[in-house]
$ cat coords-v2.cif   # mmCIF, C-alpha atoms and all ligand atoms
data_protein
loop_
_atom_site.label_atom_id
_atom_site.label_comp_id
_atom_site.auth_asym_id
_atom_site.auth_seq_id
_atom_site.Cartn_x
_atom_site.Cartn_y
_atom_site.Cartn_z
CA MET A 263 33.34 17.36 -10.38
CA ASP A 264 36.18 15.80 -12.33
CA TYR A 265 38.13 12.58 -12.20
CA SER A 266 41.35 10.93 -13.34
CA PHE A 267 42.61 7.37 -13.77
CA ASP A 268 45.77 5.76 -12.46
CA GLU A 269 46.81 2.12 -12.64
CA ARG A 270 48.27 0.81 -9.36
CA GLY A 271 49.16 -2.82 -8.80
CA ASP A 272 46.15 -4.98 -9.56
CA ALA A 273 43.76 -2.01 -9.38
CA MET A 274 42.50 0.83 -11.51
CA VAL A 275 42.28 3.88 -9.24
CA VAL A 276 39.70 6.55 -10.10
CA ALA A 277 40.28 9.76 -8.17
CA ILE A 278 37.18 11.96 -7.83
CA ARG A 279 37.30 15.68 -7.06
CA GLY A 280 34.53 18.15 -6.26
CA ARG A 281 31.03 16.94 -5.52
CA VAL A 282 28.55 14.57 -7.05
CA ASP A 283 24.97 15.83 -7.01
CA GLU A 284 21.98 16.58 -9.25
CA ALA A 285 24.23 18.48 -11.70
CA THR A 286 27.14 16.04 -11.97
CA TRP A 287 25.89 12.48 -11.42
CA VAL A 288 25.60 11.67 -15.12
CA ALA A 289 29.26 12.60 -15.76
CA PHE A 290 30.28 10.66 -12.65
CA GLY A 291 28.50 7.56 -14.00
CA VAL A 292 30.24 7.91 -17.35
CA GLY A 293 33.59 8.15 -15.54
CA LEU A 294 33.00 5.01 -13.50
CA SER A 295 31.84 3.00 -16.55
CA ASP A 296 34.94 4.17 -18.32
CA GLY A 297 37.10 3.09 -15.38
CA ILE A 298 35.58 -0.40 -15.34
CA GLU A 299 36.20 -0.75 -19.06
CA LYS A 300 39.81 0.35 -18.63
CA ALA A 301 40.28 -2.08 -15.73
CA GLN A 302 38.81 -4.92 -17.75
CA GLN A 303 41.04 -4.14 -20.75
CA ALA A 304 44.13 -4.06 -18.52
CA ARG A 305 42.96 -7.33 -16.89
CA LEU A 306 42.76 -5.67 -13.46
CA LYS A 307 40.54 -7.30 -10.88
CA ARG A 308 39.64 -4.17 -8.94
CA MET A 309 38.63 -0.57 -9.33
CA ILE A 310 39.29 1.64 -6.31
CA ILE A 311 37.34 4.90 -6.20
CA ASP A 312 39.61 7.38 -4.43
CA LEU A 313 37.33 9.78 -2.56
CA THR A 314 40.14 11.98 -1.12
CA GLY A 315 39.19 15.01 -3.20
CA LEU A 316 35.43 14.48 -3.01
CA ASP A 317 33.47 17.03 -0.94
CA TYR A 318 30.29 14.99 -0.75
CA MET A 319 27.91 12.88 -2.75
CA SER A 320 24.11 12.95 -2.68
CA SER A 321 21.84 9.95 -3.32
CA ARG A 322 22.42 10.37 -7.04
CA GLY A 323 26.13 9.64 -6.65
CA LEU A 324 25.50 6.81 -4.21
CA ARG A 325 23.12 5.17 -6.66
CA VAL A 326 25.64 5.61 -9.47
CA LEU A 327 28.06 3.66 -7.24
CA THR A 328 25.57 0.78 -7.16
CA VAL A 329 25.23 0.88 -10.94
CA ALA A 330 29.04 0.76 -11.23
CA LYS A 331 29.24 -2.13 -8.77
CA ARG A 332 26.82 -4.08 -10.98
CA GLU A 333 28.73 -3.24 -14.16
CA GLY A 334 31.88 -4.33 -12.35
CA GLN A 335 30.34 -7.66 -11.37
CA GLU A 336 29.55 -8.36 -15.02
CA ALA A 337 33.07 -7.37 -16.08
CA GLY A 338 34.82 -9.27 -13.27
CA VAL A 339 36.03 -6.04 -11.65
CA GLU A 340 35.40 -5.47 -7.97
CA VAL A 341 34.51 -1.87 -7.06
CA GLU A 342 35.86 -0.52 -3.76
CA LEU A 343 35.95 2.86 -2.02
CA ALA A 344 38.95 4.50 -0.38
CA SER A 345 39.75 7.58 1.66
CA PRO A 346 36.35 9.20 2.32
CA ASN A 347 36.48 12.54 4.18
CA ASP A 348 34.50 12.93 7.42
CA VAL A 349 31.37 14.17 5.65
CA MET A 350 31.45 11.30 3.16
CA ARG A 351 32.07 8.81 5.95
CA GLU A 352 28.90 10.02 7.66
CA ILE A 353 26.90 9.88 4.44
CA LEU A 354 28.09 6.32 3.78
CA ALA A 355 27.00 5.33 7.30
CA ILE A 356 23.60 7.09 7.18
CA SER A 357 22.75 5.53 3.81
CA ARG A 358 24.11 2.16 5.06
CA TYR A 359 26.37 2.10 1.99
CA ASP A 360 29.16 1.12 4.37
CA LYS A 361 27.44 -2.28 4.36
CA LEU A 362 27.39 -2.54 0.55
CA PHE A 363 30.98 -1.50 -0.21
CA LYS A 364 34.43 -2.34 1.01
CA ILE A 365 35.83 0.99 2.29
CA THR A 366 39.46 1.57 3.26
CA ASP A 367 41.05 4.62 4.94
CA THR A 368 43.57 5.20 2.16
CA VAL A 369 44.13 3.92 -1.38
CA GLU A 370 47.38 2.35 -0.15
CA ALA A 371 45.52 0.49 2.59
CA ALA A 372 43.32 -1.28 0.04
CA PRO A 373 44.67 -4.82 0.19
CA MET B 142 -4.08 24.26 6.29
CA LEU B 143 -3.39 21.36 8.61
CA ALA B 144 -2.20 17.78 8.24
CA ARG B 145 -3.27 15.32 10.91
CA PHE B 146 -1.63 11.90 10.95
CA TRP B 147 -3.91 9.02 11.99
CA GLY B 148 -1.66 6.21 10.76
CA THR B 149 2.02 6.38 9.81
CA ARG B 150 3.25 2.77 9.79
CA GLY B 151 3.91 0.89 6.57
CA SER B 152 2.76 -2.54 5.46
CA LEU B 153 1.41 -3.95 8.71
CA PRO B 154 -0.11 -2.49 11.89
CA VAL B 155 2.08 -2.95 14.95
CA ALA B 156 1.51 -2.47 18.69
CA PRO B 157 3.98 -2.33 21.57
CA THR B 158 4.15 -5.43 23.76
CA ALA B 159 4.13 -5.52 27.58
CA ASP B 160 7.88 -5.92 27.47
CA ILE B 161 8.35 -2.69 25.51
CA ILE B 162 6.09 -0.67 27.84
CA GLN B 163 7.92 -2.07 30.86
CA LYS B 164 11.26 -0.95 29.43
CA LYS B 165 9.90 2.55 28.73
CA ILE B 166 8.61 2.92 32.30
CA ALA B 167 11.81 1.53 33.81
CA HIS B 168 13.86 3.92 31.67
CA ALA B 169 11.70 6.89 32.76
CA LEU B 170 12.00 5.98 36.44
CA VAL B 171 15.77 5.77 36.21
CA ALA B 172 15.92 9.04 34.25
CA SER B 173 13.76 10.83 36.86
CA ASP B 174 16.56 10.09 39.34
CA GLY B 175 14.43 10.14 42.48
CA ARG B 176 12.59 13.34 41.66
CA LYS B 177 9.18 13.82 43.28
CA PHE B 178 6.18 14.93 41.21
CA ALA B 179 3.20 16.71 42.75
CA ASP B 180 0.76 15.13 40.32
CA GLU B 181 0.49 13.37 36.97
CA VAL B 182 0.41 16.66 35.07
CA GLU B 183 3.85 17.52 36.46
CA ALA B 184 5.08 14.00 35.70
CA GLU B 185 3.80 14.34 32.12
CA LYS B 186 5.79 17.59 31.76
CA PHE B 187 8.92 15.69 32.79
CA VAL B 188 8.21 13.00 30.17
CA GLU B 189 7.65 15.63 27.51
CA ASN B 190 10.64 17.85 28.32
CA ASP B 191 13.27 15.49 29.70
CA LEU B 192 12.82 12.26 27.77
CA SER B 193 13.35 11.72 24.07
CA PHE B 194 10.22 11.13 22.00
CA ALA B 195 11.10 7.45 21.57
CA ALA B 196 11.68 7.02 25.31
CA GLY B 197 8.60 8.86 26.54
CA GLY B 198 6.18 8.18 23.70
CA THR B 199 5.75 6.13 20.56
CA TYR B 200 5.48 6.70 16.84
CA GLY B 201 2.42 4.46 16.86
CA GLY B 202 1.56 1.50 14.73
CA ALA B 203 -1.54 2.25 12.63
CA THR B 204 -1.15 1.98 8.86
CA PRO B 205 -1.45 5.03 6.54
CA CYS B 206 -4.24 7.51 7.02
CA VAL B 207 -3.64 11.28 6.86
CA GLU B 208 -6.30 13.97 7.17
CA ILE B 209 -5.79 17.32 5.43
CA GLU B 210 -7.77 20.31 6.68
CA ALA B 211 -8.21 22.83 3.89
CA GLY B 212 -10.96 24.10 1.66
CA ASN B 213 -14.58 24.64 2.50
CA GLY B 214 -15.15 22.19 5.30
CA SER B 215 -15.52 18.67 3.94
CA TYR B 216 -13.10 16.04 5.20
CA LEU B 217 -10.07 15.32 3.00
CA ILE B 218 -8.42 12.00 3.83
CA CYS B 219 -5.45 10.28 2.24
CA ASP B 220 -5.69 6.49 2.41
CA MET B 221 -7.76 4.13 4.53
CA GLY B 222 -5.14 2.27 6.57
CA SER B 223 -5.92 1.02 10.07
CA GLY B 224 -5.61 4.64 11.32
CA LEU B 225 -8.93 5.33 9.57
CA ARG B 226 -10.91 3.69 12.37
CA GLN B 227 -9.83 6.33 14.88
CA PHE B 228 -10.37 9.13 12.37
CA GLY B 229 -13.90 7.83 11.70
CA LEU B 230 -14.81 7.95 15.39
CA ASP B 231 -13.25 11.38 15.83
CA SER B 232 -15.12 12.75 12.80
CA MET B 233 -18.43 11.56 14.29
CA ARG B 234 -17.68 13.59 17.39
CA ARG B 235 -17.04 16.60 15.12
CA ASN B 236 -20.19 15.84 13.07
CA ALA B 237 -22.22 16.01 16.28
CA GLY B 238 -20.89 19.58 16.60
CA GLY B 239 -22.15 20.48 13.13
CA HIS B 240 -19.33 19.45 10.79
CA PRO B 241 -20.66 18.50 7.32
CA LYS B 242 -20.76 14.73 6.80
CA VAL B 243 -18.90 14.87 3.51
CA TYR B 244 -15.81 12.68 3.20
CA ASN B 245 -13.40 13.10 0.28
CA PHE B 246 -10.92 10.22 0.20
CA PHE B 247 -7.76 10.08 -1.91
CA LEU B 248 -6.23 6.63 -2.32
CA SER B 249 -2.52 6.21 -3.06
CA HIS B 250 -3.25 2.64 -4.12
CA LEU B 251 -5.23 -0.42 -3.12
CA HIS B 252 -2.72 -2.50 -1.19
CA TRP B 253 -4.06 -3.94 2.00
CA ASP B 254 -2.25 -1.62 4.42
CA HIS B 255 -3.90 1.36 2.66
CA ILE B 256 -7.51 0.12 2.67
CA MET B 257 -7.72 -2.21 5.70
CA GLY B 258 -9.33 0.47 7.89
CA PHE B 259 -12.35 0.92 5.65
CA PRO B 260 -14.51 -1.96 7.01
CA PHE B 261 -14.11 -0.31 10.45
CA PHE B 262 -15.04 3.19 9.24
CA VAL B 263 -18.26 3.74 11.19
CA PRO B 264 -19.52 6.82 9.24
CA ALA B 265 -20.05 4.45 6.28
CA PHE B 266 -23.17 3.26 8.13
CA ASP B 267 -24.59 6.78 8.40
CA PRO B 268 -27.31 7.34 5.75
CA GLU B 269 -26.61 11.09 5.92
CA ALA B 270 -22.91 10.69 5.05
CA MET B 271 -21.57 11.39 1.57
CA ILE B 272 -18.41 9.41 0.85
CA ARG B 273 -16.49 10.26 -2.30
CA ILE B 274 -13.51 8.05 -3.06
CA HIS B 275 -10.93 9.50 -5.45
CA SER B 276 -8.28 7.23 -6.86
CA GLY B 277 -5.97 6.95 -9.82
CA HIS B 278 -7.03 3.32 -10.01
CA PRO B 279 -10.27 2.51 -11.85
CA ASP B 280 -10.51 -0.71 -9.78
CA ALA B 281 -10.76 1.05 -6.37
CA GLU B 282 -14.41 0.06 -5.90
CA GLU B 283 -13.61 -3.55 -6.70
CA ALA B 284 -10.82 -3.58 -4.09
CA LEU B 285 -13.09 -2.16 -1.36
CA ARG B 286 -15.99 -4.49 -2.18
CA ARG B 287 -13.69 -7.50 -2.34
CA GLN B 288 -12.25 -7.01 1.15
CA GLN B 289 -15.83 -7.11 2.50
CA GLU B 290 -16.76 -10.37 0.78
CA GLU B 291 -17.84 -13.10 3.15
CA ILE B 292 -14.52 -14.93 3.00
CA SER B 293 -12.76 -11.84 4.46
CA PHE B 294 -15.31 -9.89 6.50
CA PRO B 295 -18.78 -10.46 8.01
CA VAL B 296 -20.39 -7.21 6.79
CA PRO B 297 -20.77 -6.87 3.00
CA PHE B 298 -20.21 -3.53 1.28
CA ASP B 299 -23.88 -3.39 0.22
CA TRP B 300 -24.98 -3.09 3.83
CA LEU B 301 -23.28 0.29 4.15
CA ARG B 302 -25.82 3.14 4.29
CA ALA B 303 -23.81 6.19 3.23
CA THR B 304 -24.01 7.57 -0.30
CA PHE B 305 -20.94 6.47 -2.25
CA GLU B 306 -19.27 7.91 -5.27
CA PHE B 307 -16.09 6.59 -6.91
CA VAL B 308 -14.07 9.09 -8.94
CA THR B 309 -11.07 8.10 -11.06
CA LEU B 310 -8.50 10.91 -11.33
CA THR B 311 -6.08 11.35 -14.22
CA PRO B 312 -2.47 12.52 -13.76
CA GLY B 313 -1.77 15.85 -15.46
CA GLU B 314 -5.26 17.21 -14.75
CA THR B 315 -5.98 19.73 -11.99
CA TYR B 316 -9.18 19.13 -10.04
CA GLU B 317 -11.03 21.58 -7.81
CA ILE B 318 -12.45 19.60 -4.88
CA ASP B 319 -14.27 21.52 -2.18
CA GLY B 320 -12.14 24.61 -2.83
CA VAL B 321 -8.84 22.72 -2.89
CA LYS B 322 -6.74 22.19 -6.01
CA VAL B 323 -5.82 18.51 -6.36
CA GLU B 324 -3.25 17.04 -8.74
CA THR B 325 -2.10 13.44 -8.93
CA LYS B 326 1.03 11.70 -10.17
CA LEU B 327 1.68 8.08 -11.10
CA GLN B 328 4.46 6.49 -9.01
CA HIS B 329 6.51 3.32 -9.37
CA HIS B 330 4.97 0.58 -7.21
CA SER B 331 3.39 -2.83 -7.70
CA HIS B 332 0.02 -2.26 -9.48
CA GLY B 333 0.98 1.44 -9.56
CA SER B 334 0.47 4.10 -6.89
CA TYR B 335 -0.47 7.78 -7.03
CA GLY B 336 0.94 10.79 -5.25
CA TYR B 337 -1.28 13.81 -4.50
CA ARG B 338 -0.64 17.53 -4.37
CA PHE B 339 -3.21 19.59 -2.45
CA THR B 340 -3.13 23.38 -2.78
CA ASP B 341 -5.43 25.59 -0.73
CA ILE B 342 -6.82 28.99 -1.68
CA THR B 343 -3.82 30.80 -0.12
CA GLY B 344 -1.40 28.79 -2.27
CA ARG B 345 -0.11 26.55 0.52
CA SER B 346 0.50 22.99 -0.58
CA VAL B 347 0.86 19.51 0.88
CA ILE B 348 2.23 16.51 -1.00
CA TYR B 349 1.24 12.96 -0.12
CA SER B 350 3.70 10.60 -1.79
CA THR B 351 3.84 7.12 -0.32
CA ASP B 352 4.63 3.64 -1.64
CA SER B 353 6.81 5.14 -4.34
CA GLU B 354 10.10 3.61 -5.41
CA HIS B 355 12.68 5.81 -7.11
CA LYS B 356 14.52 3.40 -9.36
CA LEU B 357 18.25 3.31 -9.65
CA GLU B 358 18.36 3.10 -13.43
CA LYS B 359 15.58 5.66 -13.92
CA MET B 360 16.97 8.68 -12.10
CA ALA B 361 16.13 10.88 -15.08
CA VAL B 362 12.38 10.55 -14.34
CA GLU B 363 12.94 12.16 -10.93
CA ALA B 364 12.73 15.59 -12.59
CA ALA B 365 8.98 15.01 -12.79
CA PHE B 366 8.84 14.33 -9.03
CA ILE B 367 10.90 17.43 -8.28
CA HIS B 368 8.38 19.42 -10.31
CA PHE B 369 5.46 17.74 -8.51
CA PHE B 370 7.02 18.55 -5.10
CA ARG B 371 8.03 22.10 -6.13
CA GLU B 372 8.12 24.58 -3.25
CA ALA B 373 5.64 22.51 -1.26
CA ASP B 374 5.07 23.54 2.34
CA LEU B 375 4.92 19.90 3.45
CA VAL B 376 6.00 16.72 1.67
CA ILE B 377 4.82 13.48 3.26
CA CYS B 378 7.17 10.91 1.82
CA ASP B 379 7.71 7.15 1.88
CA THR B 380 11.00 6.68 3.76
CA MET B 381 10.64 3.04 4.70
CA TYR B 382 14.12 1.73 3.87
CA SER B 383 17.73 2.80 4.06
CA LEU B 384 19.12 3.74 0.65
CA ALA B 385 21.38 0.66 0.71
CA ASP B 386 18.42 -1.68 1.34
CA SER B 387 16.35 0.01 -1.38
CA VAL B 388 19.02 -0.72 -4.00
CA SER B 389 20.02 -4.19 -2.83
CA MET B 390 17.95 -6.73 -0.89
CA LYS B 391 14.72 -4.69 -1.04
CA GLU B 392 15.02 -3.45 -4.60
CA ASP B 393 11.67 -3.64 -6.45
CA TRP B 394 9.73 -3.87 -3.17
CA GLY B 395 8.23 -0.51 -4.13
CA HIS B 396 9.57 1.84 -1.45
CA SER B 397 11.93 4.74 -1.04
CA SER B 398 14.54 5.96 1.44
CA ASN B 399 15.08 8.96 3.72
CA ILE B 400 18.15 9.91 1.63
CA VAL B 401 16.30 10.11 -1.69
CA ALA B 402 13.40 11.95 -0.01
CA VAL B 403 15.78 14.66 1.28
CA ASP B 404 17.42 15.03 -2.14
CA LEU B 405 14.08 15.35 -3.94
CA CYS B 406 12.85 17.91 -1.38
CA HIS B 407 16.10 19.89 -1.60
CA GLU B 408 15.88 20.03 -5.36
CA ALA B 409 12.18 20.91 -5.19
CA LYS B 410 12.92 23.65 -2.59
CA ALA B 411 10.23 22.18 -0.35
CA LYS B 412 9.96 23.59 3.17
CA THR B 413 9.21 20.57 5.37
CA LEU B 414 9.66 16.84 4.83
CA ALA B 415 7.65 14.39 6.94
CA LEU B 416 9.15 10.90 7.13
CA PHE B 417 6.34 8.40 6.64
CA HIS B 418 5.36 4.74 6.06
CA HIS B 419 7.68 3.51 8.82
CA GLU B 420 9.11 0.03 8.59
CA PRO B 421 7.00 -2.28 10.84
CA THR B 422 10.06 -4.10 12.22
CA TYR B 423 11.50 -0.80 13.54
CA ASP B 424 10.98 0.02 17.21
CA ASP B 425 10.67 3.60 18.46
CA GLU B 426 14.43 3.94 18.97
CA ASP B 427 15.10 2.76 15.40
CA ILE B 428 12.68 5.34 13.99
CA GLU B 429 14.12 8.10 16.18
CA ARG B 430 17.66 7.22 15.05
CA MET B 431 16.52 7.28 11.42
CA HIS B 432 14.99 10.73 12.05
CA GLN B 433 18.23 12.07 13.63
CA GLU B 434 20.31 10.65 10.78
CA THR B 435 18.00 12.22 8.21
CA ILE B 436 18.35 15.64 9.87
CA ARG B 437 22.12 15.19 9.77
CA TYR B 438 22.12 14.13 6.10
CA GLU B 439 20.03 17.21 5.26
CA GLU B 440 22.65 19.44 6.97
CA LEU B 441 25.55 17.72 5.23
CA THR B 442 24.09 18.05 1.73
CA ARG B 443 22.27 21.38 2.05
CA ASP B 444 23.04 23.82 -0.75
CA GLY B 445 20.29 26.40 -0.25
CA PRO B 446 17.56 27.10 2.28
CA ALA B 447 17.24 24.58 5.11
CA LEU B 448 14.71 21.78 4.77
CA ASN B 449 12.84 21.09 8.00
CA VAL B 450 12.80 17.30 8.56
CA ILE B 451 10.08 15.99 10.84
CA CYS B 452 9.12 12.42 11.62
CA SER B 453 5.44 11.59 11.42
CA TYR B 454 3.74 9.67 14.24
CA ASP B 455 0.17 8.66 14.94
CA GLY B 456 -1.47 11.75 16.42
CA LEU B 457 0.90 14.36 14.94
CA GLU B 458 -0.67 17.58 13.70
CA VAL B 459 1.24 19.92 11.39
CA ARG B 460 -0.21 23.37 10.86
CA LEU B 461 0.91 25.22 7.74
ZN ZN A 501 2.08 0.65 2.01
ZN ZN A 502 1.92 -0.73 -1.41
#
$ encode --input "coords-v2.cif" --output "structure tokens"
Amino acid sequence: MDYSFDERGDAMVVAIRGRVDEATWVAFGVGLSDGIEKAQQARLKRMIIDLTGLDYMSSRGLRVLTVAKREGQEAGVEVELASPNDVMREILAISRYDKLFKITDTVEAAP
Amino acid sequence: MLARFWGTRGSLPVAPTADIIQKKIAHALVASDGRKFADEVEAEKFVENDLSFAAGGTYGGATPCVEIEAGNGSYLICDMGSGLRQFGLDSMRRNAGGHPKVYNFFLSHLHWDHIMGFPFFVPAFDPEAMIRIHSGHPDAEEALRRQQEEISFPVPFDWLRATFEFVTLTPGETYEIDGVKVETKLQHHSHGSYGYRFTDITGRSVIYSTDSEHKLEKMAVEAAFIHFFREADLVICDTMYSLADSVSMKEDWGHSSNIVAVDLCHEAKAKTLALFHHEPTYDDEDIERMHQETIRYEELTRDGPALNVICSYDGLEVRL
């Protein structure tokens, strides 16, 4: 798993690659916290997590997303998800995370 | 080794209403599509083979009670939910055939849904019965006596005729109980709850882990659960909520999700996961959907040997 940051419009985009599981969830959490801090410093209102390169995420990653959402709320940064692959889309539906997060088909489609 | 589920519902006993039964029968009649059946046995075969479990049966509505058959012949029972009543009657039938009247209980905790069956446990009136109640909680006896005080129940605890023994177990210790190795683990739940690991003489093991919340900000402690579940043949796990509910609206309500249960079992290399402590507001279709989704999640995230995901129901027997 690795990630990179890119500022686009009013959003900080964090692109995730690989998979988030038992071995990588801690690093993933550090990355998201970092992204929120960067967004806050740049006075951006949103952080979009670009899932294009993500294979899948287990419950560890999903729970890290909730932690990030809470950190974002405190920092005034809304956390959104974009571009999940088919596997990730299913996992988001099974876990009902599609009810907790705003999810768009592509990063560009995020309003 | 065998696990027999007498109660699988969480929090509150539920029963199907006339309306629900009517819908099941109507559905079956439509599905049979005019077929003729010679007798009820043939019709039952159709229900079993051609209808889904939710359509042709029910997961049941009794609260937690699971019997483990292992060891040298005494009864091993996890929790005293409303399913205990039926177990008690069934055990008396077996006692009449010569089964020893020794009951070893293991309590996850003392919440109402896990002890409410005890006042209806008929063997407690048998002066020849030996009833040993193991618990991680030192206040187990107090909880059982209190629910039979006059304000709650007409028959006081002191009228029971069996011989009682209360045993407090300590996590980290290994106990030998009637030829079965028993270990316990503290879990996150209101007033605390305890998981159990039972290992028989052949090395087969069953985990009973209910009413256990796996906290968002404490994922590091899950290593201890993975160790506790390690290579278990069967893990009976609290899967009451969706993951999203367990981290939002129902956070701190003390329960876990199907998703976290699969992840823990994968990491522990367990063989079979039994979904358990079903949400009382779920109907049979909801539980069946949750089961199908859990099987799918297991496939999507599998990174080693397959984990068999089964859904517990009142009356299920799992032989290991
Ligand atoms: Zn319960
Ligand atoms: Zn409870």
$ atom_distance --input "coords-v2.cif" --atom1 "atom CA of B:Asp393" --atom2 "atom CA of B:Leu153"
18.3 Å
$ closest_residue --input "coords-v2.cif" --among "B:Tyr200, B:Tyr438, B:Tyr244, B:Tyr454" --to "chain A" --atoms "all atoms listed in the file"
B:Tyr438
$ residues_near_ligand --input "coords-v2.cif" --ligand "ligand ZN 501 (chain A)" --cutoff "7 Å" --atoms "all atoms listed in the file" --output "PyMOL selection string"
chain B and resi 151-152+252+254-255+352+418
$ residues_around --input "coords-v2.cif" --residues "stretch 311-325 of chain B" --least-positions-apart "2" --cutoff "6 Å" --atoms "only C-alpha atoms" --output "PyMOL selection string"
chain B and resi 212-213+336-341
$ residues_near_ligand --input "coords-v2.cif" --ligand "ligand ZN 502 (chain A)" --cutoff "9 Å" --atoms "only C-alpha atoms and all ligand atoms" --output "PyMOL selection string"
chain B and resi 151-152+249-255+330-334+351-353+394-396
$ residues_around --input "coords-v2.cif" --residues "A:Glu340" --least-positions-apart "4" --cutoff "8 Å" --atoms "all atoms listed in the file" --output "list in words"
Lys307, Arg308, Met309, Lys331, Gly334 and Gln335 of chain A
$ write_last_selection --input "coords-v2.cif" --atoms "C-alpha atoms" --output "PDB file, in the coordinates of the input"
ATOM      1  CA  LYS A 307      40.540  -7.300 -10.880  1.00  0.00           C
ATOM      2  CA  ARG A 308      39.640  -4.170  -8.940  1.00  0.00           C
ATOM      3  CA  MET A 309      38.630  -0.570  -9.330  1.00  0.00           C
ATOM      4  CA  LYS A 331      29.240  -2.130  -8.770  1.00  0.00           C
ATOM      5  CA  GLY A 334      31.880  -4.330 -12.350  1.00  0.00           C
ATOM      6  CA  GLN A 335      30.340  -7.660 -11.370  1.00  0.00           C
TER       7      GLN A 335
END
$ interface_residues --input "coords-v2.cif" --of "chain A" --to "chain B" --cutoff "10 Å" --atoms "only C-alpha atoms" --output "VMD selection string"
chain A and resid 283 to 284 287 to 288 317 to 322 324 to 326 328 to 329 349 to 350 352 to 363
$ write_last_selection --input "coords-v2.cif" --atoms "C-alpha atoms" --output "short mmCIF file (atom, residue, chain, number, x, y, z; two decimals), in the frame of the given file"
data_model
loop_
_atom_site.label_atom_id
_atom_site.label_comp_id
_atom_site.auth_asym_id
_atom_site.auth_seq_id
_atom_site.Cartn_x
_atom_site.Cartn_y
_atom_site.Cartn_z
CA ASP A 283 24.97 15.83 -7.01
CA GLU A 284 21.98 16.58 -9.25
CA TRP A 287 25.89 12.48 -11.42
CA VAL A 288 25.60 11.67 -15.12
CA ASP A 317 33.47 17.03 -0.94
CA TYR A 318 30.29 14.99 -0.75
CA MET A 319 27.91 12.88 -2.75
CA SER A 320 24.11 12.95 -2.68
CA SER A 321 21.84 9.95 -3.32
CA ARG A 322 22.42 10.37 -7.04
CA LEU A 324 25.50 6.81 -4.21
CA ARG A 325 23.12 5.17 -6.66
CA VAL A 326 25.64 5.61 -9.47
CA THR A 328 25.57 0.78 -7.16
CA VAL A 329 25.23 0.88 -10.94
CA VAL A 349 31.37 14.17 5.65
CA MET A 350 31.45 11.30 3.16
CA GLU A 352 28.90 10.02 7.66
CA ILE A 353 26.90 9.88 4.44
CA LEU A 354 28.09 6.32 3.78
CA ALA A 355 27.00 5.33 7.30
CA ILE A 356 23.60 7.09 7.18
CA SER A 357 22.75 5.53 3.81
CA ARG A 358 24.11 2.16 5.06
CA TYR A 359 26.37 2.10 1.99
CA ASP A 360 29.16 1.12 4.37
CA LYS A 361 27.44 -2.28 4.36
CA LEU A 362 27.39 -2.54 0.55
CA PHE A 363 30.98 -1.50 -0.21
#
$ residues_around --input "coords-v2.cif" --residues "A:Val341" --least-positions-apart "2" --cutoff "12 Å" --atoms "only C-alpha atoms" --output "MDAnalysis selection string"
chainID A and resid 273:276 294:295 297:298 301:302 306:312 326:339 343:344 362:366 372
$ atom_distance --input "coords-v2.cif" --atom1 "atom CA of B:Ser215" --atom2 "atom CA of B:Phe417"
24.3 Å
$ atom_distance --input "coords-v2.cif" --atom1 "atom CA of B:Gly277" --atom2 "atom CA of B:Gly201"
28.1 Å
$ closest_residue --input "coords-v2.cif" --among "B:Asp267, B:Phe307, B:Phe261, B:Asn449" --to "B:Pro279" --atoms "only C-alpha atoms"
B:Phe307
$ closest_residue --input "coords-v2.cif" --among "B:Ile367, B:Ala237, B:Val362, B:Ile377" --to "B:Ser350" --atoms "only C-alpha atoms"
B:Ile377
$ axis_aligned_box --input "coords-v2.cif" --around "stretch 210-227 of chain B" --padding-each-side "4 Å" --output "lines of an AutoDock Vina configuration file"
center_x = -10.3
center_y = 12.8
center_z = 8.3
size_x = 18.4
size_y = 31.6
size_z = 21.2
$ closest_residue --input "coords-v2.cif" --among "B:Gln328, B:Thr309, B:Thr422, B:Thr413" --to "B:Ile436" --atoms "only C-alpha atoms"
B:Thr413
$ residues_near_point --input "coords-v2.cif" --point "(38.9, 13.8, -4.0)" --cutoff "10 Å" --atoms "all atoms listed in the file" --output "number ranges by chain"
A: 263-265, 276-281, 311-318, 344-347
$ closest_residue --input "coords-v2.cif" --among "A:Phe267, A:Glu370, A:Arg351, A:Asp272" --to "A:Asp296" --atoms "all atoms listed in the file"
A:Phe267
$ residues_around --input "coords-v2.cif" --residues "B:Tyr216" --least-positions-apart "6" --cutoff "10 Å" --atoms "all atoms listed in the file" --output "VMD selection string"
chain B and resid 208 to 210 232 240 to 246 272 319
